[in-house]
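Visitor: What follows is upload17.json; its format and atoms are JSON, C-alpha atoms.
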[["chain", "number", "residue", "atom", "x", "y", "z"],
["A", 5, "MET", "CA", 9.23, -41.92, -57.89],
["A", 6, "ILE", "CA", 11.81, -39.76, -59.64],
["A", 7, "ARG", "CA", 13.86, -37.53, -57.36],
["A", 8, "LEU", "CA", 15.07, -34.30, -58.94],
["A", 9, "ALA", "CA", 17.03, -31.45, -57.31],
["A", 10, "VAL", "CA", 17.62, -27.97, -58.71],
["A", 11, "ILE", "CA", 21.01, -26.76, -57.47],
["A", 12, "SER", "CA", 23.67, -24.14, -58.19],
["A", 13, "GLY", "CA", 27.35, -23.64, -57.57],
["A", 14, "LYS", "CA", 26.78, -20.13, -56.23],
["A", 15, "GLY", "CA", 23.92, -18.06, -54.89],
["A", 16, "GLY", "CA", 21.91, -15.64, -56.98],
["A", 17, "THR", "CA", 21.76, -17.63, -60.21],
["A", 18, "GLY", "CA", 17.95, -17.96, -60.18],
["A", 19, "LYS", "CA", 17.77, -21.49, -58.81],
["A", 20, "THR", "CA", 14.58, -20.97, -56.78],
["A", 21, "MET", "CA", 12.96, -19.15, -59.69],
["A", 22, "VAL", "CA", 13.62, -22.18, -61.91],
["A", 23, "THR", "CA", 12.39, -24.62, -59.23],
["A", 24, "ALA", "CA", 9.12, -22.72, -58.76],
["A", 25, "ALA", "CA", 8.63, -22.57, -62.53],
["A", 26, "LEU", "CA", 9.12, -26.33, -62.91],
["A", 27, "ALA", "CA", 6.78, -26.99, -59.98],
["A", 28, "ASP", "CA", 4.19, -24.79, -61.67],
["A", 29, "LEU", "CA", 4.59, -26.52, -65.05],
["A", 30, "PHE", "CA", 4.84, -30.21, -64.16],
["A", 31, "ALA", "CA", 1.51, -31.98, -64.65],
["A", 32, "THR", "CA", 2.52, -35.08, -62.70],
["A", 33, "ASP", "CA", 1.73, -35.64, -59.01],
["A", 34, "GLN", "CA", 4.65, -34.20, -57.05],
["A", 35, "VAL", "CA", 5.96, -33.47, -53.59],
["A", 36, "LEU", "CA", 8.23, -30.46, -53.04],
["A", 37, "ALA", "CA", 11.20, -29.96, -50.73],
["A", 38, "ASP", "CA", 12.95, -26.66, -50.02],
["A", 39, "CYS", "CA", 16.42, -27.80, -49.02],
["A", 40, "ASP", "CA", 17.86, -24.29, -49.11],
["A", 41, "VAL", "CA", 17.10, -23.94, -45.39],
["A", 42, "GLU", "CA", 19.22, -20.80, -44.92],
["A", 43, "ALA", "CA", 17.04, -18.95, -47.46],
["A", 44, "ALA", "CA", 13.89, -21.04, -47.79],
["A", 45, "ASN", "CA", 11.95, -18.99, -50.33],
["A", 46, "LEU", "CA", 10.17, -21.62, -52.42],
["A", 47, "GLY", "CA", 7.02, -21.34, -50.33],
["A", 48, "LEU", "CA", 6.91, -17.60, -51.02],
["A", 49, "LEU", "CA", 6.58, -18.22, -54.75],
["A", 50, "LEU", "CA", 4.13, -21.10, -54.40],
["A", 51, "ASP", "CA", 1.89, -19.47, -51.77],
["A", 52, "GLY", "CA", 1.98, -22.32, -49.27],
["A", 53, "ASP", "CA", -0.29, -22.65, -46.22],
["A", 54, "LEU", "CA", 1.53, -23.90, -43.13],
["A", 55, "VAL", "CA", 0.02, -27.10, -41.67],
["A", 56, "SER", "CA", 2.63, -28.29, -39.16],
["A", 57, "SER", "CA", 5.85, -27.32, -37.38],
["A", 58, "GLU", "CA", 8.30, -29.50, -35.46],
["A", 59, "PRO", "CA", 11.37, -28.31, -33.49],
["A", 60, "PHE", "CA", 14.77, -29.11, -34.94],
["A", 61, "MET", "CA", 17.43, -29.72, -32.32],
["A", 62, "GLY", "CA", 20.91, -28.85, -33.55],
["A", 63, "LEU", "CA", 24.27, -29.34, -31.88],
["A", 64, "GLU", "CA", 24.37, -29.22, -28.09],
["A", 65, "LYS", "CA", 25.30, -25.99, -26.32],
["A", 66, "ALA", "CA", 27.06, -25.46, -23.00],
["A", 67, "GLU", "CA", 25.20, -24.32, -19.89],
["A", 68, "ILE", "CA", 26.70, -23.25, -16.56],
["A", 69, "ASP", "CA", 25.09, -24.11, -13.19],
["A", 70, "HIS", "CA", 25.79, -20.95, -11.18],
["A", 71, "GLU", "CA", 25.08, -22.69, -7.87],
["A", 72, "VAL", "CA", 27.95, -25.10, -8.54],
["A", 73, "CYS", "CA", 30.29, -22.70, -10.38],
["A", 74, "LEU", "CA", 33.47, -21.72, -8.48],
["A", 75, "PHE", "CA", 33.92, -18.59, -10.61],
["A", 76, "CYS", "CA", 37.45, -19.71, -11.47],
["A", 77, "GLY", "CA", 37.20, -18.61, -15.11],
["A", 78, "ARG", "CA", 38.84, -21.72, -16.58],
["A", 79, "CYS", "CA", 35.94, -22.30, -18.94],
["A", 80, "ALA", "CA", 36.22, -18.78, -20.35],
["A", 81, "ASP", "CA", 39.99, -19.08, -20.73],
["A", 82, "ALA", "CA", 39.65, -22.39, -22.58],
["A", 83, "CYS", "CA", 36.87, -21.34, -24.96],
["A", 84, "ARG", "CA", 38.36, -20.62, -28.40],
["A", 85, "PHE", "CA", 35.11, -19.10, -29.62],
["A", 86, "ASP", "CA", 34.77, -16.43, -26.89],
["A", 87, "ALA", "CA", 31.36, -17.89, -26.08],
["A", 88, "ILE", "CA", 31.78, -17.60, -22.29],
["A", 89, "HIS", "CA", 32.04, -14.24, -20.60],
["A", 90, "GLU", "CA", 31.61, -12.65, -17.21],
["A", 91, "GLU", "CA", 28.32, -10.92, -16.56],
["A", 92, "ALA", "CA", 27.12, -9.60, -13.18],
["A", 93, "LYS", "CA", 29.74, -11.67, -11.32],
["A", 94, "GLU", "CA", 28.71, -14.86, -13.12],
["A", 95, "TYR", "CA", 30.07, -16.70, -16.14],
["A", 96, "VAL", "CA", 27.43, -17.11, -18.84],
["A", 97, "VAL", "CA", 27.37, -18.83, -22.24],
["A", 98, "ASP", "CA", 26.39, -17.00, -25.43],
["A", 99, "PRO", "CA", 24.55, -19.73, -27.41],
["A", 100, "LEU", "CA", 25.10, -17.88, -30.69],
["A", 101, "LYS", "CA", 28.87, -18.22, -30.27],
["A", 102, "CYS", "CA", 28.99, -21.66, -28.65],
["A", 103, "GLU", "CA", 30.09, -24.34, -31.14],
["A", 104, "GLY", "CA", 29.29, -27.25, -28.83],
["A", 105, "CYS", "CA", 32.88, -28.52, -28.64],
["A", 106, "GLY", "CA", 32.59, -29.38, -24.92],
["A", 107, "VAL", "CA", 36.07, -28.17, -23.89],
["A", 108, "CYS", "CA", 34.53, -26.11, -21.09],
["A", 109, "VAL", "CA", 32.97, -29.28, -19.65],
["A", 110, "HIS", "CA", 36.37, -30.98, -19.42],
["A", 111, "VAL", "CA", 38.26, -28.08, -17.85],
["A", 112, "CYS", "CA", 35.65, -27.19, -15.19],
["A", 113, "PRO", "CA", 36.96, -28.48, -11.80],
["A", 114, "ALA", "CA", 33.51, -28.36, -10.20],
["A", 115, "GLY", "CA", 31.44, -30.03, -12.92],
["A", 116, "ALA", "CA", 29.35, -26.89, -13.29],
["A", 117, "VAL", "CA", 29.29, -26.96, -17.10],
["A", 118, "THR", "CA", 27.10, -29.42, -18.98],
["A", 119, "MET", "CA", 25.93, -29.80, -22.57],
["A", 120, "HIS", "CA", 22.25, -29.52, -23.46],
["A", 121, "PRO", "CA", 20.16, -29.81, -26.64],
["A", 122, "TYR", "CA", 19.56, -26.48, -28.37],
["A", 123, "GLN", "CA", 16.75, -25.73, -30.79],
["A", 124, "ALA", "CA", 18.33, -24.50, -34.02],
["A", 125, "GLY", "CA", 15.20, -24.24, -36.14],
["A", 126, "GLU", "CA", 11.93, -25.80, -37.21],
["A", 127, "VAL", "CA", 10.90, -28.41, -39.76],
["A", 128, "LEU", "CA", 7.77, -27.18, -41.52],
["A", 129, "ALA", "CA", 5.10, -28.72, -43.73],
["A", 130, "SER", "CA", 2.85, -26.66, -45.99],
["A", 131, "GLU", "CA", 0.20, -27.24, -48.62],
["A", 132, "THR", "CA", 0.44, -25.54, -52.01],
["A", 133, "GLU", "CA", -1.60, -25.83, -55.20],
["A", 134, "ARG", "CA", 1.42, -27.59, -56.75],
["A", 135, "GLY", "CA", 1.74, -30.25, -54.03],
["A", 136, "HIS", "CA", 2.87, -30.90, -50.46],
["A", 137, "LEU", "CA", 5.88, -28.78, -49.45],
["A", 138, "SER", "CA", 8.49, -29.82, -46.89],
["A", 139, "HIS", "CA", 10.66, -26.93, -45.77],
["A", 140, "ALA", "CA", 12.37, -25.47, -42.71],
["A", 141, "ARG", "CA", 13.28, -22.37, -40.79],
["A", 142, "LEU", "CA", 16.86, -22.11, -39.53],
["A", 143, "TYR", "CA", 17.19, -19.74, -36.59],
["A", 144, "PRO", "CA", 19.65, -16.82, -36.90],
["A", 145, "GLY", "CA", 23.12, -17.76, -35.73],
["A", 146, "SER", "CA", 22.51, -21.51, -36.04],
["A", 147, "GLY", "CA", 24.91, -23.52, -38.16],
["A", 148, "ASN", "CA", 23.62, -25.39, -41.21],
["A", 149, "SER", "CA", 25.51, -28.68, -41.20],
["A", 150, "GLY", "CA", 23.18, -30.55, -43.52],
["A", 151, "LEU", "CA", 21.30, -32.21, -40.66],
["A", 152, "LEU", "CA", 18.30, -29.92, -41.12],
["A", 153, "VAL", "CA", 18.36, -30.56, -44.88],
["A", 154, "HIS", "CA", 18.27, -34.28, -44.11],
["A", 155, "GLU", "CA", 15.16, -33.78, -41.96],
["A", 156, "VAL", "CA", 13.46, -31.82, -44.76],
["A", 157, "ARG", "CA", 14.26, -34.61, -47.22],
["A", 158, "LYS", "CA", 13.03, -37.29, -44.81],
["A", 159, "GLN", "CA", 9.74, -35.48, -44.25],
["A", 160, "ALA", "CA", 9.27, -35.01, -48.01],
["A", 161, "GLU", "CA", 9.66, -38.76, -48.54],
["A", 162, "LYS", "CA", 6.96, -39.40, -45.91],
["A", 163, "MET", "CA", 4.64, -36.87, -47.54],
["A", 164, "ALA", "CA", 5.18, -38.25, -51.05],
["A", 165, "GLY", "CA", 2.51, -40.95, -51.03],
["A", 166, "GLU", "CA", 1.86, -41.98, -54.64],
["A", 167, "SER", "CA", 3.66, -38.96, -56.10],
["A", 168, "ARG", "CA", 5.60, -39.55, -59.29],
["A", 169, "LEU", "CA", 8.13, -36.80, -58.58],
["A", 170, "LEU", "CA", 10.06, -35.33, -55.66],
["A", 171, "LEU", "CA", 11.26, -31.87, -56.70],
["A", 172, "ALA", "CA", 13.80, -30.20, -54.40],
["A", 173, "ASP", "CA", 15.15, -26.66, -54.35],
["A", 174, "GLY", "CA", 18.72, -27.25, -53.24],
["A", 175, "PRO", "CA", 21.20, -24.92, -51.53],
["A", 176, "PRO", "CA", 24.00, -23.15, -53.39],
["A", 177, "GLY", "CA", 27.60, -24.28, -53.02],
["A", 178, "ILE", "CA", 29.22, -27.66, -52.50],
["A", 179, "GLY", "CA", 29.10, -28.10, -48.71],
["A", 180, "CYS", "CA", 27.21, -30.48, -46.43],
["A", 181, "PRO", "CA", 23.75, -29.03, -47.24],
["A", 182, "LEU", "CA", 24.34, -29.68, -50.95],
["A", 183, "ILE", "CA", 25.55, -33.21, -50.25],
["A", 184, "SER", "CA", 22.47, -33.92, -48.09],
["A", 185, "THR", "CA", 20.30, -32.67, -50.94],
["A", 186, "VAL", "CA", 21.94, -34.56, -53.80],
["A", 187, "SER", "CA", 22.35, -37.85, -51.94],
["A", 188, "GLY", "CA", 19.70, -40.28, -53.14],
["A", 189, "MET", "CA", 18.59, -38.11, -56.07],
["A", 190, "ASP", "CA", 18.14, -39.46, -59.60],
["A", 191, "ALA", "CA", 18.99, -36.21, -61.37],
["A", 192, "VAL", "CA", 20.03, -32.62, -60.76],
["A", 193, "VAL", "CA", 19.47, -29.45, -62.74],
["A", 194, "VAL", "CA", 22.37, -27.05, -62.23],
["A", 195, "VAL", "CA", 21.36, -23.42, -62.74],
["A", 196, "THR", "CA", 24.22, -21.14, -63.69],
["A", 197, "GLU", "CA", 24.70, -17.69, -65.21],
["A", 198, "PRO", "CA", 27.24, -16.15, -67.64],
["A", 199, "GLY", "CA", 29.91, -15.02, -65.19],
["A", 200, "LEU", "CA", 33.45, -16.25, -64.57],
["A", 201, "SER", "CA", 32.75, -17.00, -60.91],
["A", 202, "ALA", "CA", 29.56, -18.83, -61.90],
["A", 203, "LEU", "CA", 31.48, -20.93, -64.44],
["A", 204, "HIS", "CA", 34.09, -21.77, -61.82],
["A", 205, "ASP", "CA", 31.42, -22.83, -59.32],
["A", 206, "LEU", "CA", 29.53, -24.75, -62.01],
["A", 207, "LYS", "CA", 32.60, -26.90, -62.52],
["A", 208, "ARG", "CA", 32.89, -27.53, -58.78],
["A", 209, "VAL", "CA", 29.25, -28.49, -58.25],
["A", 210, "VAL", "CA", 29.28, -30.78, -61.30],
["A", 211, "ASN", "CA", 32.38, -32.51, -59.91],
["A", 212, "VAL", "CA", 30.67, -33.08, -56.56],
["A", 213, "SER", "CA", 27.38, -34.21, -58.10],
["A", 214, "ARG", "CA", 29.11, -36.83, -60.22],
["A", 215, "ARG", "CA", 30.20, -38.63, -57.07],
["A", 216, "PHE", "CA", 26.53, -39.40, -56.38],
["A", 217, "ASN", "CA", 25.88, -41.07, -59.75],
["A", 218, "VAL", "CA", 23.09, -38.69, -60.79],
["A", 219, "GLU", "CA", 22.07, -37.41, -64.20],
["A", 220, "ILE", "CA", 23.27, -33.83, -64.56],
["A", 221, "PHE", "CA", 21.46, -31.20, -66.60],
["A", 222, "VAL", "CA", 22.35, -27.52, -66.98],
["A", 223, "VAL", "CA", 20.29, -24.36, -67.39],
["A", 224, "ILE", "CA", 21.90, -20.98, -68.15],
["A", 225, "ASN", "CA", 19.93, -18.09, -66.68],
["A", 226, "ARG", "CA", 20.26, -14.52, -68.01],
["A", 227, "PHE", "CA", 22.36, -16.01, -70.81],
["A", 228, "ASP", "CA", 22.28, -12.87, -72.97],
["A", 229, "LEU", "CA", 24.03, -10.59, -70.46],
["A", 230, "GLU", "CA", 27.51, -11.89, -71.32],
["A", 231, "PRO", "CA", 27.54, -13.85, -74.61],
["A", 232, "ASP", "CA", 31.28, -14.72, -74.51],
["A", 233, "VAL", "CA", 31.08, -16.37, -71.08],
["A", 234, "CYS", "CA", 27.83, -18.06, -72.09],
["A", 235, "GLN", "CA", 29.71, -19.67, -74.96],
["A", 236, "GLU", "CA", 32.39, -20.85, -72.51],
["A", 237, "ILE", "CA", 29.70, -22.52, -70.41],
["A", 238, "GLU", "CA", 28.23, -24.17, -73.49],
["A", 239, "ARG", "CA", 31.68, -25.48, -74.48],
["A", 240, "PHE", "CA", 32.19, -26.82, -70.96],
["A", 241, "CYS", "CA", 28.87, -28.67, -71.12],
["A", 242, "GLU", "CA", 29.75, -30.13, -74.50],
["A", 243, "ASP", "CA", 33.23, -31.20, -73.38],
["A", 244, "GLU", "CA", 31.86, -32.80, -70.21],
["A", 245, "GLY", "CA", 28.91, -34.51, -71.87],
["A", 246, "LEU", "CA", 26.36, -32.46, -69.93],
["A", 247, "LEU", "CA", 22.93, -31.87, -71.47],
["A", 248, "LEU", "CA", 22.14, -28.16, -71.69],
["A", 249, "LEU", "CA", 18.37, -28.08, -71.21],
["A", 250, "GLY", "CA", 18.06, -24.50, -72.33],
["A", 251, "LYS", "CA", 18.86, -20.85, -71.78],
["A", 252, "VAL", "CA", 16.67, -18.25, -70.05],
["A", 253, "PRO", "CA", 17.01, -14.63, -71.21],
["A", 254, "PHE", "CA", 17.31, -11.64, -68.91],
["A", 255, "ASP", "CA", 13.72, -10.57, -68.36],
["A", 256, "PRO", "CA", 12.38, -7.80, -66.08],
["A", 257, "ALA", "CA", 9.19, -9.85, -65.78],
["A", 258, "VAL", "CA", 11.08, -12.24, -63.49],
["A", 259, "VAL", "CA", 11.66, -9.52, -60.90],
["A", 260, "ALA", "CA", 8.04, -8.40, -61.18],
["A", 261, "ALA", "CA", 6.81, -11.99, -60.65],
["A", 262, "VAL", "CA", 9.05, -12.48, -57.61],
["A", 263, "ARG", "CA", 7.76, -9.26, -56.09],
["A", 264, "ARG", "CA", 4.20, -10.50, -56.59],
["A", 265, "GLY", "CA", 5.10, -13.88, -55.08],
["A", 266, "VAL", "CA", 4.17, -15.96, -58.13],
["A", 267, "PRO", "CA", 6.13, -18.28, -60.45],
["A", 268, "ILE", "CA", 7.39, -16.56, -63.61],
["A", 269, "THR", "CA", 5.52, -19.20, -65.62],
["A", 270, "SER", "CA", 2.23, -17.64, -64.51],
["A", 271, "THR", "CA", 3.10, -14.70, -66.78],
["A", 272, "ASP", "CA", 3.38, -14.27, -70.54],
["A", 273, "SER", "CA", 7.07, -13.40, -70.93],
["A", 274, "PRO", "CA", 10.25, -14.48, -72.76],
["A", 275, "ALA", "CA", 11.61, -16.11, -69.58],
["A", 276, "SER", "CA", 8.39, -18.06, -69.13],
["A", 277, "GLU", "CA", 8.50, -19.31, -72.74],
["A", 278, "ALA", "CA", 12.10, -20.46, -72.27],
["A", 279, "LEU", "CA", 11.22, -22.32, -69.06],
["A", 280, "VAL", "CA", 8.30, -24.07, -70.76],
["A", 281, "ARG", "CA", 10.73, -25.44, -73.37],
["A", 282, "ILE", "CA", 13.16, -26.47, -70.60],
["A", 283, "LYS", "CA", 10.38, -28.28, -68.78],
["A", 284, "GLU", "CA", 9.32, -30.13, -71.94],
["A", 285, "ARG", "CA", 12.86, -31.32, -72.56],
["A", 286, "LEU", "CA", 13.26, -32.38, -68.96],
["A", 287, "VAL", "CA", 10.00, -34.33, -69.09],
["A", 288, "ALA", "CA", 11.25, -36.18, -72.17],
["A", 289, "GLU", "CA", 14.64, -36.93, -70.57],
["A", 290, "LEU", "CA", 13.20, -38.21, -67.28],
["A", 291, "GLY", "CA", 10.16, -39.99, -68.73],
["A", 292, "LEU", "CA", 7.69, -37.95, -66.66],
["A", 293, "ASP", "CA", 4.09, -37.16, -67.40],
["A", 294, "GLY", "CA", 3.74, -33.80, -69.11]]
Please go through the file and, once you have read it, give me the structure as structure tokens.

Guide:
Amino acid sequence: MIRLAVISGKGGTGKTMVTAALADLFATDQVLADCDVEAANLGLLLDGDLVSSEPFMGLEKAEIDHEVCLFCGRCADACRFDAIHEEAKEYVVDPLKCEGCGVCVHVCPAGAVTMHPYQAGEVLASETERGHLSHARLYPGSGNSGLLVHEVRKQAEKMAGESRLLLADGPPGIGCPLISTVSGMDAVVVVTEPGLSALHDLKRVVNVSRRFNVEIFVVINRFDLEPDVCQEIERFCEDEGLLLLGKVPFDPAVVAAVRRGVPITSTDSPASEALVRIKERLVAELGLDG
């Protein structure tokens, strides 16, 4: 099975749009993974039906036993995150602020503070017309350390069966979620756009991806909005030996397709035509079925 992730150095480049288009176009048996757990939108474009949900337990959070608490306030004084405060003559923990460091446990003279598992989200499985989809829901205020991405990846591997392709929609940036996504992949498609910040972040994400010994491809979205910067990106790809799969023009049909909740490749549009050519080149490069 070939493992392919679509990633980006920054948000808003059209990464999920490209992932949904590729999922729609690939003829091979595939399993899908939405590793962008903070904004898991792939299922919205592929019209998935939820089939299962499992709790995801994140970092532990502090809890105070009020029957044991001496109301000395040492835990509140020691908390650097202002997660402990007085309320109705009791000290309580705000789980949205608690970082699970455990300092309050160590400073409590009565042993009233303990650490407990805290549900930070859910690992979800859905069925789409394009294949099984592993994805997740991260609860508001919960930190995304990459652990939830790892669970999404692990579930996708279990769901893969005889699939020829694992296609993942990765998170933007270069942090732990990106590392959890790229680790173990065969190739990545980096989606960028013609902007100076996007070029800067393209360089960073390429540098990180190279540490995982993956093939790196590049797609420039909305390439015609800033031709000069687009040429800079093309020169960077040439200098770095990166294969530019293709360029997608700015196309109002993309926005219309997203609003309808369908892949852009289900429409007859310039962006769709460009993505078909990108898919064909990617199939040839990876040796996939059409």

Visitor: Please work out which residues fall within 9 Å of (6.7, -40.5, -55.0), coordinates as given in the file, with all atoms listed in the file counting, and return them as an MDAnalysis selection string.

Guide: chainID A and resid 5:7 33:35 161 163:170

Visitor: What is the atom CA of Ser138 of chain A-atom CA of Ala275 of chain A distance in Å, reported with one decimal?

Guide: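 It comes out at 26.7 Å.
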
Visitor: Looking at A:Ala25, A:Cys112, A:Val222, A:Met119, which one is nearest to Ile268 of chain A, with distances taken over only C-alpha atoms?

Guide: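 For Ile268 of chain A, the nearest of the candidates is A:Ala25.
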
Visitor: Which one of A:Val252, A:Cys105, A:Val186, A:Leu128 sits closest to Phe60 of chain A if you count only C-alpha atoms?

Guide: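 That would be A:Leu128, the residue with the smallest distance to Phe60 of chain A.
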
Visitor: So which residues touch Cys39 of chain A within 9 Å, counting all atoms listed in the file, skipping near sequence neighbours fewer than 6 positions away, as number ranges by chain?

Guide: A: 138-140, 152-154, 156-157, 172-175, 181-182, 184-185

Visitor: Identify which of the residues A:Val72, A:Ala66, A:Val41, A:Ile178 lies closest to Gly125 of chain A, counting all atoms listed in the file when measuring atom-to-atom distances.

Guide: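 Among A:Val72, A:Ala66, A:Val41, A:Ile178, it is A:Val41 that comes nearest to Gly125 of chain A.
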
Visitor: May I have the residues within 8 Å of segment 206-209 of chain A as a ChimeraX atom specification, using all atoms listed in the file and disregarding those fewer than 5 positions away in the same chain?

Guide: /A:12-14,177-178,194,196

Visitor: Could the residues in this selection be saved with C-alpha atoms as a PDB file, in the coordinates of the input?

Guide:
ATOM      1  CA  SER A  12      23.670 -24.140 -58.190  1.00  0.00           C
ATOM      2  CA  GLY A  13      27.350 -23.640 -57.570  1.00  0.00           C
ATOM      3  CA  LYS A  14      26.780 -20.130 -56.230  1.00  0.00           C
ATOM      4  CA  GLY A 177      27.600 -24.280 -53.020  1.00  0.00           C
ATOM      5  CA  ILE A 178      29.220 -27.660 -52.500  1.00  0.00           C
ATOM      6  CA  VAL A 194      22.370 -27.050 -62.230  1.00  0.00           C
ATOM      7  CA  THR A 196      24.220 -21.140 -63.690  1.00  0.00           C
TER       8      THR A 196
END

Visitor: Of the residues A:Ala129, A:Val55, A:Ala191, A:Ala24, which is the one nearest to Arg141 of chain A, using only C-alpha atoms?

Guide: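 Of A:Ala129, A:Val55, A:Ala191, A:Ala24, the one nearest Arg141 of chain A, counting only C-alpha atoms, is A:Ala129.
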
Visitor: Using all atoms listed in the file for the distances, tell me which of A:Glu277, A:Glu64, A:Asp205, A:Asp228 is nearest to Ile11 of chain A.

Guide: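 Among A:Glu277, A:Glu64, A:Asp205, A:Asp228, it is A:Asp205 that comes nearest to Ile11 of chain A.
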
Visitor: In Å, with one decimal, what is the gap from atom CA of Leu151 of chain A to atom CA of Glu197 of chain A?

Guide: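 So the answer is 28.7 Å.
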
Visitor: Within 6 Å of Leu171 of chain A, counting all atoms listed in the file, which residues qualify if same-chain residues fewer than 4 places away don't, as an MDAnalysis selection string?

Guide: chainID A and resid 8:9 36

Visitor: Output C-alpha atoms for every residue in the selection just made, as an mmCIF file, keeping the file's coordinate frame.

Guide:
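The resulting again27.cif:
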data_model
loop_
_atom_site.group_PDB
_atom_site.id
_atom_site.type_symbol
_atom_site.label_atom_id
_atom_site.label_comp_id
_atom_site.auth_asym_id
_atom_site.auth_seq_id
_atom_site.Cartn_x
_atom_site.Cartn_y
_atom_site.Cartn_z
ATOM 1 C CA LEU A 8 15.070 -34.300 -58.940
ATOM 2 C CA ALA A 9 17.030 -31.450 -57.310
ATOM 3 C CA LEU A 36 8.230 -30.460 -53.040
#

Visitor: Excluding segment 284-287 of chain A and residues on its chain fewer than 5 positions from it, collect all residues at most 9 Å away from it, counting only C-alpha atoms, and give them as a PDB file with C-alpha atoms, in the coordinates of the input.

Guide:
ATOM      1  CA  PHE A  30       4.840 -30.210 -64.160  1.00  0.00           C
ATOM      2  CA  PHE A 221      21.460 -31.200 -66.600  1.00  0.00           C
ATOM      3  CA  LEU A 249      18.370 -28.080 -71.210  1.00  0.00           C
ATOM      4  CA  GLY A 250      18.060 -24.500 -72.330  1.00  0.00           C
ATOM      5  CA  LEU A 279      11.220 -22.320 -69.060  1.00  0.00           C
ATOM      6  CA  LEU A 292       7.690 -37.950 -66.660  1.00  0.00           C
ATOM      7  CA  ASP A 293       4.090 -37.160 -67.400  1.00  0.00           C
ATOM      8  CA  GLY A 294       3.740 -33.800 -69.110  1.00  0.00           C
TER       9      GLY A 294
END

Visitor: Quick one: distance from atom CA of Leu142 of chain A to atom CA of Met61 of chain A in Å, one decimal?

Guide: 10.5 Å

Visitor: Skip Lys65 of chain A itself and residues of its chain fewer than 3 positions away, then list as an mmCIF file with C-alpha atoms, in the coordinates of the input all residues within 9 Å of it, counting all atoms listed in the file.

Guide:
data_model
loop_
_atom_site.group_PDB
_atom_site.id
_atom_site.type_symbol
_atom_site.label_atom_id
_atom_site.label_comp_id
_atom_site.auth_asym_id
_atom_site.auth_seq_id
_atom_site.Cartn_x
_atom_site.Cartn_y
_atom_site.Cartn_z
ATOM 1 C CA GLY A 62 20.910 -28.850 -33.550
ATOM 2 C CA VAL A 97 27.370 -18.830 -22.240
ATOM 3 C CA PRO A 99 24.550 -19.730 -27.410
ATOM 4 C CA CYS A 102 28.990 -21.660 -28.650
ATOM 5 C CA GLU A 103 30.090 -24.340 -31.140
ATOM 6 C CA GLY A 104 29.290 -27.250 -28.830
ATOM 7 C CA CYS A 105 32.880 -28.520 -28.640
ATOM 8 C CA GLY A 106 32.590 -29.380 -24.920
ATOM 9 C CA THR A 118 27.100 -29.420 -18.980
ATOM 10 C CA MET A 119 25.930 -29.800 -22.570
ATOM 11 C CA HIS A 120 22.250 -29.520 -23.460
ATOM 12 C CA PRO A 121 20.160 -29.810 -26.640
ATOM 13 C CA TYR A 122 19.560 -26.480 -28.370
#

Visitor: Considering only C-alpha atoms, can you say which of A:Ile224, A:Ser56, A:Ala43, A:Arg214 comes closest to Glu236 of chain A?

Guide: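 Residue with the minimum atom-to-atom distance to Glu236 of chain A: A:Ile224.
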
Visitor: Quick one: axis-aligned box around all listed atoms of segment 258-276 of chain A, 3 Å on every side, centre and edge lengths in Å to one decimal, written as JSON.

Guide:
{"center_x": 6.9, "center_y": -13.8, "center_z": -63.9, "size_x": 15.4, "size_y": 16.8, "size_z": 23.7}
